[in-house]
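Student: Contents are mmCIF, C-alpha atoms; file name structure24.cif:
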data_entry
#
loop_
_atom_site.label_atom_id
_atom_site.label_comp_id
_atom_site.auth_asym_id
_atom_site.auth_seq_id
_atom_site.Cartn_x
_atom_site.Cartn_y
_atom_site.Cartn_z
CA MET Y 1 122.92 113.03 105.45
CA THR Y 2 120.61 115.87 106.52
CA THR Y 3 121.59 119.14 108.19
CA HIS Y 4 118.98 120.77 110.43
CA VAL Y 5 118.95 124.52 111.11
CA ARG Y 6 116.66 126.50 113.42
CA THR Y 7 115.94 130.20 112.91
CA ARG Y 8 113.24 132.81 113.42
CA VAL Y 9 112.69 133.65 109.74
CA ALA Y 10 113.72 131.53 106.75
CA ILE Y 11 114.02 133.60 103.58
CA ILE Y 12 114.14 131.89 100.20
CA GLY Y 13 115.86 134.18 97.70
CA ALA Y 14 118.80 136.58 97.96
CA GLY Y 15 117.39 139.20 95.64
CA PRO Y 16 116.58 142.78 96.69
CA ALA Y 17 113.47 141.73 98.61
CA GLY Y 18 115.03 138.85 100.55
CA LEU Y 19 118.25 140.65 101.43
CA LEU Y 20 116.55 143.89 102.46
CA LEU Y 21 114.05 141.97 104.59
CA SER Y 22 116.90 140.23 106.43
CA HIS Y 23 118.63 143.60 106.86
CA LEU Y 24 115.57 145.28 108.39
CA LEU Y 25 114.78 142.28 110.60
CA ALA Y 26 118.35 142.25 111.92
CA ALA Y 27 117.94 145.88 112.98
CA ASP Y 28 115.08 144.67 115.20
CA GLY Y 29 117.15 141.80 116.59
CA ILE Y 30 115.29 139.13 114.59
CA GLU Y 31 117.61 136.48 113.18
CA SER Y 32 117.09 134.96 109.76
CA VAL Y 33 118.62 132.50 107.32
CA VAL Y 34 118.72 133.49 103.64
CA ILE Y 35 119.26 130.86 100.94
CA ASP Y 36 119.69 131.19 97.18
CA GLN Y 37 120.69 128.72 94.50
CA ARG Y 38 122.97 131.28 92.81
CA SER Y 39 126.56 132.17 93.64
CA ARG Y 40 127.55 135.59 94.93
CA GLU Y 41 129.09 136.39 91.55
CA GLU Y 42 125.85 135.52 89.73
CA ILE Y 43 123.81 137.65 92.12
CA GLU Y 44 126.09 140.67 91.77
CA THR Y 45 126.73 140.54 88.03
CA THR Y 46 123.34 139.75 86.49
CA ILE Y 47 122.51 143.13 84.96
CA ARG Y 48 118.93 144.29 85.28
CA ALA Y 49 117.23 147.65 85.08
CA GLY Y 50 117.10 149.91 88.07
CA ILE Y 51 114.91 152.98 88.37
CA LEU Y 52 114.48 153.51 92.10
CA GLU Y 53 111.60 155.49 93.52
CA GLN Y 54 112.25 158.26 96.01
CA GLY Y 55 110.93 156.11 98.87
CA THR Y 56 113.15 153.17 97.92
CA VAL Y 57 116.24 155.37 97.91
CA ASP Y 58 115.34 156.95 101.25
CA LEU Y 59 114.84 153.52 102.81
CA LEU Y 60 118.14 152.14 101.51
CA VAL Y 61 120.00 155.17 102.87
CA ASP Y 62 118.16 155.50 106.19
CA SER Y 63 118.50 151.79 107.00
CA GLY Y 64 122.25 151.82 106.32
CA ALA Y 65 121.86 149.37 103.42
CA SER Y 66 123.42 151.74 100.88
CA ASP Y 67 125.04 155.13 100.53
CA ARG Y 68 126.42 154.43 97.06
CA VAL Y 69 122.93 154.92 95.66
CA LEU Y 70 123.48 158.65 96.25
CA THR Y 71 127.13 158.80 95.15
CA VAL Y 72 127.09 156.34 92.24
CA GLY Y 73 123.43 156.50 91.25
CA ASN Y 74 122.10 159.28 89.04
CA ARG Y 75 119.17 161.39 90.20
CA HIS Y 76 116.58 161.99 87.49
CA ASP Y 77 114.09 164.79 87.95
CA GLY Y 78 111.87 163.81 85.04
CA ILE Y 79 111.19 161.71 81.98
CA GLU Y 80 110.29 162.63 78.44
CA LEU Y 81 107.15 161.38 76.70
CA ARG Y 82 107.75 161.58 72.94
CA PHE Y 83 105.06 161.22 70.30
CA GLU Y 84 104.31 162.74 66.92
CA GLY Y 85 107.98 163.76 66.72
CA GLU Y 86 107.80 166.04 69.78
CA GLY Y 87 109.11 165.60 73.31
CA HIS Y 88 107.11 166.51 76.42
CA ARG Y 89 109.00 166.59 79.72
CA ILE Y 90 107.33 165.49 82.94
CA ASP Y 91 109.07 167.48 85.69
CA PHE Y 92 108.82 165.45 88.89
CA PRO Y 93 110.00 167.95 91.53
CA SER Y 94 107.71 170.73 90.34
CA LEU Y 95 104.73 168.38 90.20
CA VAL Y 96 105.16 166.17 93.28
CA GLY Y 97 108.39 167.25 94.98
CA ARG Y 98 110.11 163.91 94.37
CA ALA Y 99 112.61 162.31 91.99
CA VAL Y 100 113.88 158.88 90.92
CA TRP Y 101 117.39 157.42 90.78
CA LEU Y 102 118.98 155.44 87.99
CA TYR Y 103 120.80 152.72 89.94
CA PRO Y 104 120.85 149.23 88.40
CA GLN Y 105 119.57 146.32 90.44
CA HIS Y 106 122.92 144.51 90.54
CA GLU Y 107 124.41 147.58 92.26
CA VAL Y 108 121.66 147.43 94.87
CA LEU Y 109 122.48 143.77 95.37
CA LYS Y 110 126.20 144.48 95.81
CA ASP Y 111 125.31 146.92 98.58
CA LEU Y 112 122.88 144.54 100.28
CA VAL Y 113 125.19 141.52 100.11
CA ALA Y 114 128.05 143.55 101.58
CA ALA Y 115 125.82 144.93 104.32
CA ARG Y 116 124.49 141.51 105.28
CA ILE Y 117 127.92 139.85 105.33
CA ALA Y 118 129.22 142.71 107.48
CA GLY Y 119 126.24 142.18 109.78
CA GLY Y 120 126.98 138.47 110.23
CA GLN Y 121 124.02 137.29 108.19
CA ASP Y 122 123.57 133.52 107.80
CA LEU Y 123 123.61 133.69 103.99
CA ARG Y 124 123.77 130.33 102.23
CA LEU Y 125 124.42 130.47 98.51
CA GLY Y 126 124.41 127.56 96.10
CA VAL Y 127 121.47 126.15 98.09
CA THR Y 128 118.36 125.11 96.14
CA ALA Y 129 114.97 125.24 97.85
CA GLU Y 130 112.91 122.16 96.96
CA ARG Y 131 109.67 122.81 98.86
CA VAL Y 132 108.08 124.38 101.93
CA GLU Y 133 106.29 122.14 104.42
CA ASP Y 134 103.94 122.67 107.39
CA ALA Y 135 102.89 126.17 106.29
CA THR Y 136 99.96 126.30 108.70
CA SER Y 137 101.94 125.14 111.74
CA ASP Y 138 103.88 127.33 114.16
CA HIS Y 139 107.14 126.00 112.70
CA PRO Y 140 107.07 125.81 108.89
CA ARG Y 141 110.08 124.21 107.22
CA VAL Y 142 112.12 124.76 104.10
CA ILE Y 143 113.51 121.61 102.53
CA ALA Y 144 116.56 122.40 100.40
CA THR Y 145 119.60 120.84 98.77
CA GLY Y 146 123.06 122.21 99.52
CA PRO Y 147 125.91 122.67 97.04
CA ASP Y 148 127.28 119.29 98.12
CA GLY Y 149 123.98 117.58 97.27
CA GLU Y 150 123.07 116.96 100.90
CA GLU Y 151 119.65 117.81 102.30
CA LEU Y 152 119.19 120.97 104.37
CA VAL Y 153 116.11 121.43 106.55
CA ILE Y 154 115.44 124.92 107.92
CA GLU Y 155 112.82 125.10 110.65
CA ALA Y 156 111.55 128.60 111.33
CA ASP Y 157 108.84 130.60 113.03
CA PHE Y 158 108.03 132.10 109.63
CA VAL Y 159 109.01 131.43 106.00
CA VAL Y 160 109.20 134.09 103.29
CA GLY Y 161 109.23 133.26 99.60
CA ALA Y 162 111.28 135.96 97.90
CA ASP Y 163 112.45 133.55 95.24
CA GLY Y 164 111.32 135.23 92.04
CA SER Y 165 108.82 134.47 89.33
CA ARG Y 166 109.59 130.72 89.39
CA SER Y 167 108.96 130.62 93.13
CA VAL Y 168 109.14 127.31 94.98
CA ALA Y 169 107.37 128.83 97.97
CA ARG Y 170 104.34 129.82 95.88
CA ALA Y 171 103.00 126.26 95.84
CA ALA Y 172 102.85 126.22 99.65
CA VAL Y 173 100.79 129.43 99.64
CA THR Y 174 98.50 129.13 96.61
CA GLY Y 175 98.48 125.35 96.15
CA SER Y 176 100.12 125.75 92.73
CA SER Y 177 103.42 127.04 91.41
CA THR Y 178 101.52 129.07 88.80
CA GLY Y 179 98.32 130.06 90.61
CA GLY Y 180 97.48 133.70 90.02
CA TYR Y 181 95.85 136.41 87.95
CA PHE Y 182 97.78 137.30 84.82
CA ARG Y 183 97.73 139.17 81.55
CA GLU Y 184 99.96 138.31 78.62
CA TYR Y 185 101.10 141.10 76.31
CA PRO Y 186 101.17 140.54 72.52
CA PHE Y 187 104.60 142.10 72.01
CA ALA Y 188 108.09 142.05 73.50
CA TRP Y 189 111.11 144.37 73.86
CA PHE Y 190 114.29 143.97 71.89
CA GLY Y 191 117.01 145.31 74.20
CA ILE Y 192 120.57 146.33 73.50
CA LEU Y 193 123.53 147.41 75.60
CA CYS Y 194 125.99 149.61 73.75
CA GLU Y 195 129.20 151.52 74.32
CA ALA Y 196 128.16 155.13 73.78
CA PRO Y 197 127.56 158.37 75.65
CA PRO Y 198 123.98 159.11 76.76
CA SER Y 199 121.58 160.24 74.04
CA SER Y 200 119.51 162.08 76.63
CA GLU Y 201 119.99 163.26 80.21
CA GLU Y 202 116.73 161.56 81.19
CA LEU Y 203 114.78 158.54 79.99
CA ILE Y 204 112.76 158.91 76.79
CA TYR Y 205 109.51 156.96 76.43
CA SER Y 206 108.62 157.22 72.76
CA ARG Y 207 105.45 156.21 70.96
CA SER Y 208 105.68 156.07 67.16
CA ASP Y 209 103.69 154.38 64.42
CA GLU Y 210 106.56 151.86 64.13
CA GLY Y 211 106.16 150.96 67.79
CA PHE Y 212 107.48 151.87 71.23
CA ALA Y 213 111.08 152.68 72.16
CA LEU Y 214 112.77 153.39 75.49
CA ILE Y 215 116.06 155.26 75.57
CA SER Y 216 117.67 154.54 78.93
CA GLN Y 217 121.12 154.58 80.49
CA ARG Y 218 123.52 152.45 82.51
CA SER Y 219 126.49 154.78 82.94
CA ALA Y 220 128.38 157.59 81.26
CA THR Y 221 129.76 155.10 78.73
CA VAL Y 222 127.17 152.29 78.55
CA GLN Y 223 123.59 152.79 77.40
CA ARG Y 224 120.49 150.57 77.48
CA MET Y 225 117.85 150.91 74.76
CA TYR Y 226 114.75 148.94 73.81
CA PHE Y 227 112.30 148.84 70.95
CA GLN Y 228 108.99 147.01 70.63
CA CYS Y 229 109.24 143.76 68.69
CA ASP Y 230 107.22 140.64 67.90
CA LEU Y 231 107.01 137.83 70.44
CA ASP Y 232 108.71 135.42 68.03
CA ASP Y 233 111.55 137.80 67.13
CA ASN Y 234 115.14 136.66 67.64
CA THR Y 235 118.33 138.47 68.53
CA GLU Y 236 120.16 137.54 65.31
CA ARG Y 237 117.54 138.92 62.96
CA TYR Y 238 119.12 142.37 62.73
CA SER Y 239 122.56 143.59 61.75
CA GLU Y 240 124.03 146.28 64.00
CA ALA Y 241 123.14 148.93 61.40
CA GLN Y 242 119.56 147.65 61.24
CA LEU Y 243 119.24 147.82 65.03
CA TRP Y 244 120.24 151.46 65.02
CA ASP Y 245 117.80 152.14 62.17
CA GLU Y 246 114.97 150.51 64.13
CA LEU Y 247 115.74 152.53 67.24
CA GLN Y 248 116.26 155.82 65.43
CA LYS Y 249 113.03 155.72 63.44
CA ARG Y 250 111.07 155.16 66.65
CA VAL Y 251 112.53 158.26 68.30
CA PRO Y 252 111.97 160.96 65.67
CA GLY Y 253 113.34 164.33 66.69
CA THR Y 254 116.16 162.92 68.84
CA GLU Y 255 119.48 161.91 67.31
CA LEU Y 256 120.72 158.80 69.08
CA LYS Y 257 124.41 158.55 69.91
CA GLN Y 258 125.59 155.26 68.48
CA GLY Y 259 128.33 152.88 69.57
CA THR Y 260 129.31 149.23 69.57
CA ILE Y 261 126.44 146.95 70.59
CA PHE Y 262 127.79 144.26 72.92
CA GLN Y 263 124.61 142.65 74.23
CA ARG Y 264 121.22 141.81 72.73
CA ASP Y 265 118.21 140.21 74.35
CA ILE Y 266 114.47 139.90 73.97
CA LEU Y 267 112.29 140.64 76.99
CA ARG Y 268 108.82 139.14 77.09
CA PHE Y 269 106.62 140.38 79.87
CA ARG Y 270 103.29 139.96 81.56
CA SER Y 271 101.29 141.14 84.52
CA PHE Y 272 100.87 138.61 87.33
CA VAL Y 273 99.51 138.60 90.89
CA ALA Y 274 99.44 135.39 92.94
CA HIS Y 275 96.00 134.25 94.07
CA LYS Y 276 97.20 134.36 97.69
CA LEU Y 277 100.12 136.06 99.42
CA LEU Y 278 99.84 134.29 102.77
CA GLU Y 279 99.14 130.78 103.99
CA GLY Y 280 99.62 130.21 107.71
CA ARG Y 281 103.17 131.32 108.42
CA VAL Y 282 104.41 131.47 104.84
CA ALA Y 283 104.26 134.70 102.83
CA LEU Y 284 105.21 135.71 99.29
CA ILE Y 285 106.92 138.97 98.37
CA GLY Y 286 108.53 140.47 95.28
CA ASP Y 287 108.39 138.58 91.99
CA ALA Y 288 107.18 135.49 93.82
CA ALA Y 289 103.99 137.45 94.53
CA HIS Y 290 103.69 139.62 91.42
CA THR Y 291 105.33 140.79 88.23
CA VAL Y 292 104.65 143.90 86.18
CA PRO Y 293 105.62 145.10 82.70
CA PRO Y 294 108.83 147.15 82.91
CA THR Y 295 107.22 150.20 81.30
CA GLY Y 296 106.24 151.72 84.64
CA ALA Y 297 109.58 151.03 86.43
CA LYS Y 298 107.74 149.35 89.29
CA GLY Y 299 109.28 145.86 89.65
CA MET Y 300 111.99 146.25 92.28
CA ASN Y 301 110.22 149.15 93.97
CA LEU Y 302 107.09 147.07 94.47
CA ALA Y 303 109.19 144.32 96.05
CA ILE Y 304 110.68 146.87 98.47
CA ALA Y 305 107.19 148.06 99.39
CA ASP Y 306 106.23 144.45 100.22
CA VAL Y 307 109.28 144.21 102.47
CA VAL Y 308 108.30 147.32 104.44
CA VAL Y 309 104.81 145.96 105.15
CA LEU Y 310 106.02 142.47 106.01
CA THR Y 311 108.82 143.73 108.28
CA ALA Y 312 106.33 145.56 110.47
CA ALA Y 313 104.10 142.48 110.55
CA LEU Y 314 106.94 140.14 111.53
CA ARG Y 315 108.16 142.55 114.16
CA ALA Y 316 104.71 142.50 115.80
CA LEU Y 317 104.40 138.72 115.51
CA LEU Y 318 107.86 137.66 116.66
CA LEU Y 319 108.60 140.33 119.26
CA GLU Y 320 105.11 141.03 120.62
CA GLY Y 321 103.16 137.87 119.80
CA ASP Y 322 100.61 139.89 117.84
CA ASP Y 323 99.59 138.31 114.53
CA ARG Y 324 97.10 140.96 113.38
CA LEU Y 325 99.53 142.69 110.99
CA VAL Y 326 100.57 139.37 109.51
CA GLN Y 327 96.94 138.50 108.85
CA ALA Y 328 96.44 141.95 107.31
CA PHE Y 329 99.59 141.68 105.18
CA PRO Y 330 97.88 140.48 101.98
CA GLU Y 331 95.18 143.16 101.99
CA THR Y 332 97.67 145.91 102.84
CA ALA Y 333 100.22 144.84 100.23
CA LEU Y 334 97.63 144.22 97.52
CA GLN Y 335 96.36 147.79 97.62
CA ARG Y 336 99.72 149.03 96.31
CA ILE Y 337 100.26 145.99 94.08
CA TRP Y 338 97.07 146.61 92.12
CA LYS Y 339 97.78 150.34 91.85
CA ALA Y 340 101.18 149.47 90.41
CA GLN Y 341 99.62 146.90 88.10
CA HIS Y 342 97.25 149.53 86.76
CA PHE Y 343 99.98 152.12 86.28
CA SER Y 344 102.26 149.65 84.50
CA TRP Y 345 99.40 148.46 82.26
CA TRP Y 346 98.42 152.09 81.55
CA MET Y 347 101.91 153.15 80.54
CA THR Y 348 102.27 150.02 78.40
CA SER Y 349 98.94 150.34 76.60
CA MET Y 350 99.38 154.09 76.07
CA LEU Y 351 102.80 153.80 74.42
CA HIS Y 352 102.82 150.52 72.48
CA VAL Y 353 101.24 149.75 69.12
CA ALA Y 354 99.10 146.64 69.52
CA PRO Y 355 99.02 144.09 66.70
CA GLY Y 356 96.12 144.86 64.38
CA ALA Y 357 95.64 148.38 65.77
CA SER Y 358 93.33 150.53 63.64
CA GLU Y 359 93.52 154.20 62.72
CA PHE Y 360 90.94 154.81 65.45
CA ASP Y 361 93.29 153.14 67.94
CA ARG Y 362 96.21 155.30 66.79
CA LEU Y 363 94.29 158.56 67.07
CA ARG Y 364 92.76 157.59 70.41
CA GLN Y 365 96.26 156.82 71.73
CA ILE Y 366 97.53 160.24 70.62
CA GLY Y 367 94.51 161.80 72.28
CA GLU Y 368 95.33 159.98 75.51
CA LEU Y 369 98.95 161.16 75.44
CA ARG Y 370 97.83 164.72 74.82
CA SER Y 371 95.38 164.44 77.70
CA VAL Y 372 98.36 163.68 79.94
CA VAL Y 373 100.96 166.19 78.74
CA GLU Y 374 98.53 169.09 78.28
CA SER Y 375 96.98 168.71 81.73
CA GLU Y 376 98.57 169.59 85.06
CA ALA Y 377 96.42 166.90 86.65
CA GLY Y 378 97.49 164.32 84.06
CA LYS Y 379 101.18 165.10 84.46
CA THR Y 380 100.83 165.05 88.24
CA TYR Y 381 99.25 161.60 88.23
CA LEU Y 382 102.05 160.22 86.08
CA ALA Y 383 104.73 161.88 88.24
CA GLU Y 384 103.13 160.70 91.48
CA ALA Y 385 102.90 157.08 90.34
CA TYR Y 386 106.30 156.99 88.62
CA THR Y 387 108.21 158.44 91.60
CA GLY Y 388 106.27 156.19 93.96
CA TRP Y 389 103.50 156.41 96.51
CA PRO Y 390 104.58 156.73 100.16
CA LEU Y 391 105.80 153.50 101.73
CA ALA Y 392 103.74 152.13 104.62
CA GLY Y 393 104.64 153.87 107.86
CA ARG Y 394 106.95 156.36 106.09
CA SER Y 395 105.99 159.86 105.00
#
Can you give me the file's structure in the form of structure tokens?

Tutor:
Amino acid sequence: MTTHVRTRVAIIGAGPAGLLLSHLLAADGIESVVIDQRSREEIETTIRAGILEQGTVDLLVDSGASDRVLTVGNRHDGIELRFEGEGHRIDFPSLVGRAVWLYPQHEVLKDLVAARIAGGQDLRLGVTAERVEDATSDHPRVIATGPDGEELVIEADFVVGADGSRSVARAAVTGSSTGGYFREYPFAWFGILCEAPPSSEELIYSRSDEGFALISQRSATVQRMYFQCDLDDNTERYSEAQLWDELQKRVPGTELKQGTIFQRDILRFRSFVAHKLLEGRVALIGDAAHTVPPTGAKGMNLAIADVVVLTAALRALLLEGDDRLVQAFPETALQRIWKAQHFSWWMTSMLHVAPGASEFDRLRQIGELRSVVESEAGKTYLAEAYTGWPLAGRS
């Protein structure tokens, strides 16, 4: 048995990009259907990092998607670059007049899910997208399977793939589920969650001869920390004492506050940009379109930037019959995507110790870090990129 649904915009994926897109479209009176194979509990409890740029926070607040980001989230006015045993603070407000907010992605998703349910959103969870058909027609279709195993066909005026790095929609746009430009990185992050007070008021990005470390936060009582590890490392290799030793020796000059480690994971990462972002009336946004190393804190923010550009394009197409912004969507979005790719690569290469690195490489890296922290222009570039470039159509 097959269920047929008709809507203006079919959105595959109830992550930050898909839910915010549906929220902004609804404000313009454009209906949508959002599907995701996960349950609401899975969406709201999968813990992921969340450094939000100034523009992302402003958009969430101004659109009515979230006010908790200001009351529960923590404003950070800078980060610390640490190398050679010394810390160097990058002061965002004094350099660029902006800040960032520490607000984990699952909290953003709680806000967006609540907002969409309150707004009467047709949100279908436990639904698995199988494929997208008729991308170049005026009525592309999403073929999916519901939680009961029955087929669901969603016919729309436009389809958006916001379904993550294993995107089903990507094949309809690029001709392949993997088609894109990518760079693999020869190292990974070993991450821990621990019960402890913060070791620092702001994030510490530390480069040491033992490798990179990031000292981050989740709350007043739970902290997130990472250290550079080998790709083939495993989470059971270290005792709890050894994990703290590894972290501490990579952050010389800062005494880490220790506590019970209750989660361990290894994060492998790469840079990726799909060969195409648009085919007919099917577009890719968020991780379906691109992924970046987490070093530059760009992942979710870049997805939100895609949403802003695509919302304006869909508004023109569906309310005014003007497809020029839709056709321009890839070029417009890619300008920011490649800037973010460069910044994320730059932060990663500047702070990590590559396998086989020579003494020349070490000294050059230190020289690069000094070029940043000892230069007003260098610090300003880092602050501008980290806090986020202006979103399209917003000052």

Student: Could you tell me which residues the PyMOL selection byres ((chain Y and resi 76) around 9) returns for this structure, as a list in words?

Tutor: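 Listing what the PyMOL selection byres ((chain Y and resi 76) around 9) selects in the shown file: Asn74, Arg75, Asp77, Gly78, Ile79, Phe92, Ala99, Val100, Trp101, Leu102, Glu201, Glu202 and Leu203 of chain Y.
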
Student: Distance atom CA of Y:Leu152-atom CA of Y:Ala135, one decimal place?

Tutor: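 Separating atom CA of Y:Leu152 from atom CA of Y:Ala135 is a distance of 17.2 Å.
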
Student: Quick check on the file I pasted: which residues fall under the PyMOL selection byres ((chain Y and resi 304-310) around 7)? Write them as a PyMOL selection string.

Tutor: chain Y and resi 17+21+56+285-286+300-303+311-314+329+333+391-392

Student: With C-alpha atoms retained, export the selected residues as an mmCIF file, keeping the file's coordinate frame.

Tutor:
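Listed below is the output, result.cif:
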data_model
loop_
_atom_site.group_PDB
_atom_site.id
_atom_site.type_symbol
_atom_site.label_atom_id
_atom_site.label_comp_id
_atom_site.auth_asym_id
_atom_site.auth_seq_id
_atom_site.Cartn_x
_atom_site.Cartn_y
_atom_site.Cartn_z
ATOM 1 C CA ALA Y 17 113.470 141.730 98.610
ATOM 2 C CA LEU Y 21 114.050 141.970 104.590
ATOM 3 C CA THR Y 56 113.150 153.170 97.920
ATOM 4 C CA ILE Y 285 106.920 138.970 98.370
ATOM 5 C CA GLY Y 286 108.530 140.470 95.280
ATOM 6 C CA MET Y 300 111.990 146.250 92.280
ATOM 7 C CA ASN Y 301 110.220 149.150 93.970
ATOM 8 C CA LEU Y 302 107.090 147.070 94.470
ATOM 9 C CA ALA Y 303 109.190 144.320 96.050
ATOM 10 C CA THR Y 311 108.820 143.730 108.280
ATOM 11 C CA ALA Y 312 106.330 145.560 110.470
ATOM 12 C CA ALA Y 313 104.100 142.480 110.550
ATOM 13 C CA LEU Y 314 106.940 140.140 111.530
ATOM 14 C CA PHE Y 329 99.590 141.680 105.180
ATOM 15 C CA ALA Y 333 100.220 144.840 100.230
ATOM 16 C CA LEU Y 391 105.800 153.500 101.730
ATOM 17 C CA ALA Y 392 103.740 152.130 104.620
#

Student: Can you work out the spacing between atom CA of Y:Ile261 and atom CA of Y:Ile204 in Å, to one decimal?

Tutor: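 The value is 19.2 Å.
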
Student: Can you list, as a ChimeraX atom specification, the residues that the PyMOL selection byres ((chain Y and resi 191-195) around 10) selects here?

Tutor: /Y:188-190,196-198,213-214,216-229,235,243-244,257-267

Student: Mind dumping the selected residues with C-alpha atoms as a PDB file, in the frame of the given file?

Tutor:
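Output (again_34.pdb):
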ATOM      1  CA  ALA Y 188     108.090 142.050  73.500  1.00  0.00           C
ATOM      2  CA  TRP Y 189     111.110 144.370  73.860  1.00  0.00           C
ATOM      3  CA  PHE Y 190     114.290 143.970  71.890  1.00  0.00           C
ATOM      4  CA  ALA Y 196     128.160 155.130  73.780  1.00  0.00           C
ATOM      5  CA  PRO Y 197     127.560 158.370  75.650  1.00  0.00           C
ATOM      6  CA  PRO Y 198     123.980 159.110  76.760  1.00  0.00           C
ATOM      7  CA  ALA Y 213     111.080 152.680  72.160  1.00  0.00           C
ATOM      8  CA  LEU Y 214     112.770 153.390  75.490  1.00  0.00           C
ATOM      9  CA  SER Y 216     117.670 154.540  78.930  1.00  0.00           C
ATOM     10  CA  GLN Y 217     121.120 154.580  80.490  1.00  0.00           C
ATOM     11  CA  ARG Y 218     123.520 152.450  82.510  1.00  0.00           C
ATOM     12  CA  SER Y 219     126.490 154.780  82.940  1.00  0.00           C
ATOM     13  CA  ALA Y 220     128.380 157.590  81.260  1.00  0.00           C
ATOM     14  CA  THR Y 221     129.760 155.100  78.730  1.00  0.00           C
ATOM     15  CA  VAL Y 222     127.170 152.290  78.550  1.00  0.00           C
ATOM     16  CA  GLN Y 223     123.590 152.790  77.400  1.00  0.00           C
ATOM     17  CA  ARG Y 224     120.490 150.570  77.480  1.00  0.00           C
ATOM     18  CA  MET Y 225     117.850 150.910  74.760  1.00  0.00           C
ATOM     19  CA  TYR Y 226     114.750 148.940  73.810  1.00  0.00           C
ATOM     20  CA  PHE Y 227     112.300 148.840  70.950  1.00  0.00           C
ATOM     21  CA  GLN Y 228     108.990 147.010  70.630  1.00  0.00           C
ATOM     22  CA  CYS Y 229     109.240 143.760  68.690  1.00  0.00           C
ATOM     23  CA  THR Y 235     118.330 138.470  68.530  1.00  0.00           C
ATOM     24  CA  LEU Y 243     119.240 147.820  65.030  1.00  0.00           C
ATOM     25  CA  TRP Y 244     120.240 151.460  65.020  1.00  0.00           C
ATOM     26  CA  LYS Y 257     124.410 158.550  69.910  1.00  0.00           C
ATOM     27  CA  GLN Y 258     125.590 155.260  68.480  1.00  0.00           C
ATOM     28  CA  GLY Y 259     128.330 152.880  69.570  1.00  0.00           C
ATOM     29  CA  THR Y 260     129.310 149.230  69.570  1.00  0.00           C
ATOM     30  CA  ILE Y 261     126.440 146.950  70.590  1.00  0.00           C
ATOM     31  CA  PHE Y 262     127.790 144.260  72.920  1.00  0.00           C
ATOM     32  CA  GLN Y 263     124.610 142.650  74.230  1.00  0.00           C
ATOM     33  CA  ARG Y 264     121.220 141.810  72.730  1.00  0.00           C
ATOM     34  CA  ASP Y 265     118.210 140.210  74.350  1.00  0.00           C
ATOM     35  CA  ILE Y 266     114.470 139.900  73.970  1.00  0.00           C
ATOM     36  CA  LEU Y 267     112.290 140.640  76.990  1.00  0.00           C
TER      37      LEU Y 267
END

Student: Could you check the closest approach to Y:Ile35 for each of Y:Glu240, Y:Glu210, Y:Asp163, Y:Asp111 and tell me which residue wins, using only C-alpha atoms?

Tutor: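 Using only C-alpha atoms, the shortest distance to Y:Ile35 belongs to Y:Asp163.
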
Student: Please measure the separation of atom CA of Y:Arg8 and atom CA of Y:Ile117, giving the value in Å to one decimal.

Tutor: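 So the two atoms, atom CA of Y:Arg8 and atom CA of Y:Ile117, lie 18.2 Å apart.
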
Student: Starting from the sparse input, extend stretch 259-266 of chain Y to N, CA, C and O atoms and give the output as a PDB file, in the frame of the given file.

Tutor:
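Below is the file that was written, rebuild_12.pdb:
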ATOM      1  N   GLY Y 259     127.068 153.496  69.181  1.00  0.00           N
ATOM      2  CA  GLY Y 259     128.330 152.880  69.570  1.00  0.00           C
ATOM      3  C   GLY Y 259     128.229 151.393  69.391  1.00  0.00           C
ATOM      4  O   GLY Y 259     127.193 150.864  68.958  1.00  0.00           O
ATOM      5  N   THR Y 260     129.270 150.686  69.741  1.00  0.00           N
ATOM      6  CA  THR Y 260     129.310 149.230  69.570  1.00  0.00           C
ATOM      7  C   THR Y 260     128.265 148.559  70.454  1.00  0.00           C
ATOM      8  O   THR Y 260     128.190 148.810  71.660  1.00  0.00           O
ATOM      9  N   ILE Y 261     127.439 147.724  69.859  1.00  0.00           N
ATOM     10  CA  ILE Y 261     126.440 146.950  70.590  1.00  0.00           C
ATOM     11  C   ILE Y 261     127.089 145.660  71.072  1.00  0.00           C
ATOM     12  O   ILE Y 261     127.580 144.863  70.273  1.00  0.00           O
ATOM     13  N   PHE Y 262     127.114 145.444  72.389  1.00  0.00           N
ATOM     14  CA  PHE Y 262     127.790 144.260  72.920  1.00  0.00           C
ATOM     15  C   PHE Y 262     126.857 143.274  73.604  1.00  0.00           C
ATOM     16  O   PHE Y 262     127.283 142.201  74.038  1.00  0.00           O
ATOM     17  N   GLN Y 263     125.577 143.607  73.688  1.00  0.00           N
ATOM     18  CA  GLN Y 263     124.610 142.650  74.230  1.00  0.00           C
ATOM     19  C   GLN Y 263     123.252 142.870  73.598  1.00  0.00           C
ATOM     20  O   GLN Y 263     122.827 144.009  73.397  1.00  0.00           O
ATOM     21  N   ARG Y 264     122.574 141.768  73.277  1.00  0.00           N
ATOM     22  CA  ARG Y 264     121.220 141.810  72.730  1.00  0.00           C
ATOM     23  C   ARG Y 264     120.363 140.820  73.501  1.00  0.00           C
ATOM     24  O   ARG Y 264     120.831 139.737  73.858  1.00  0.00           O
ATOM     25  N   ASP Y 265     119.122 141.164  73.749  1.00  0.00           N
ATOM     26  CA  ASP Y 265     118.210 140.210  74.350  1.00  0.00           C
ATOM     27  C   ASP Y 265     116.775 140.600  74.017  1.00  0.00           C
ATOM     28  O   ASP Y 265     116.502 141.715  73.582  1.00  0.00           O
ATOM     29  N   ILE Y 266     115.890 139.645  74.182  1.00  0.00           N
ATOM     30  CA  ILE Y 266     114.470 139.900  73.970  1.00  0.00           C
ATOM     31  C   ILE Y 266     113.749 139.670  75.284  1.00  0.00           C
ATOM     32  O   ILE Y 266     113.909 138.619  75.923  1.00  0.00           O
TER      33      ILE Y 266
END
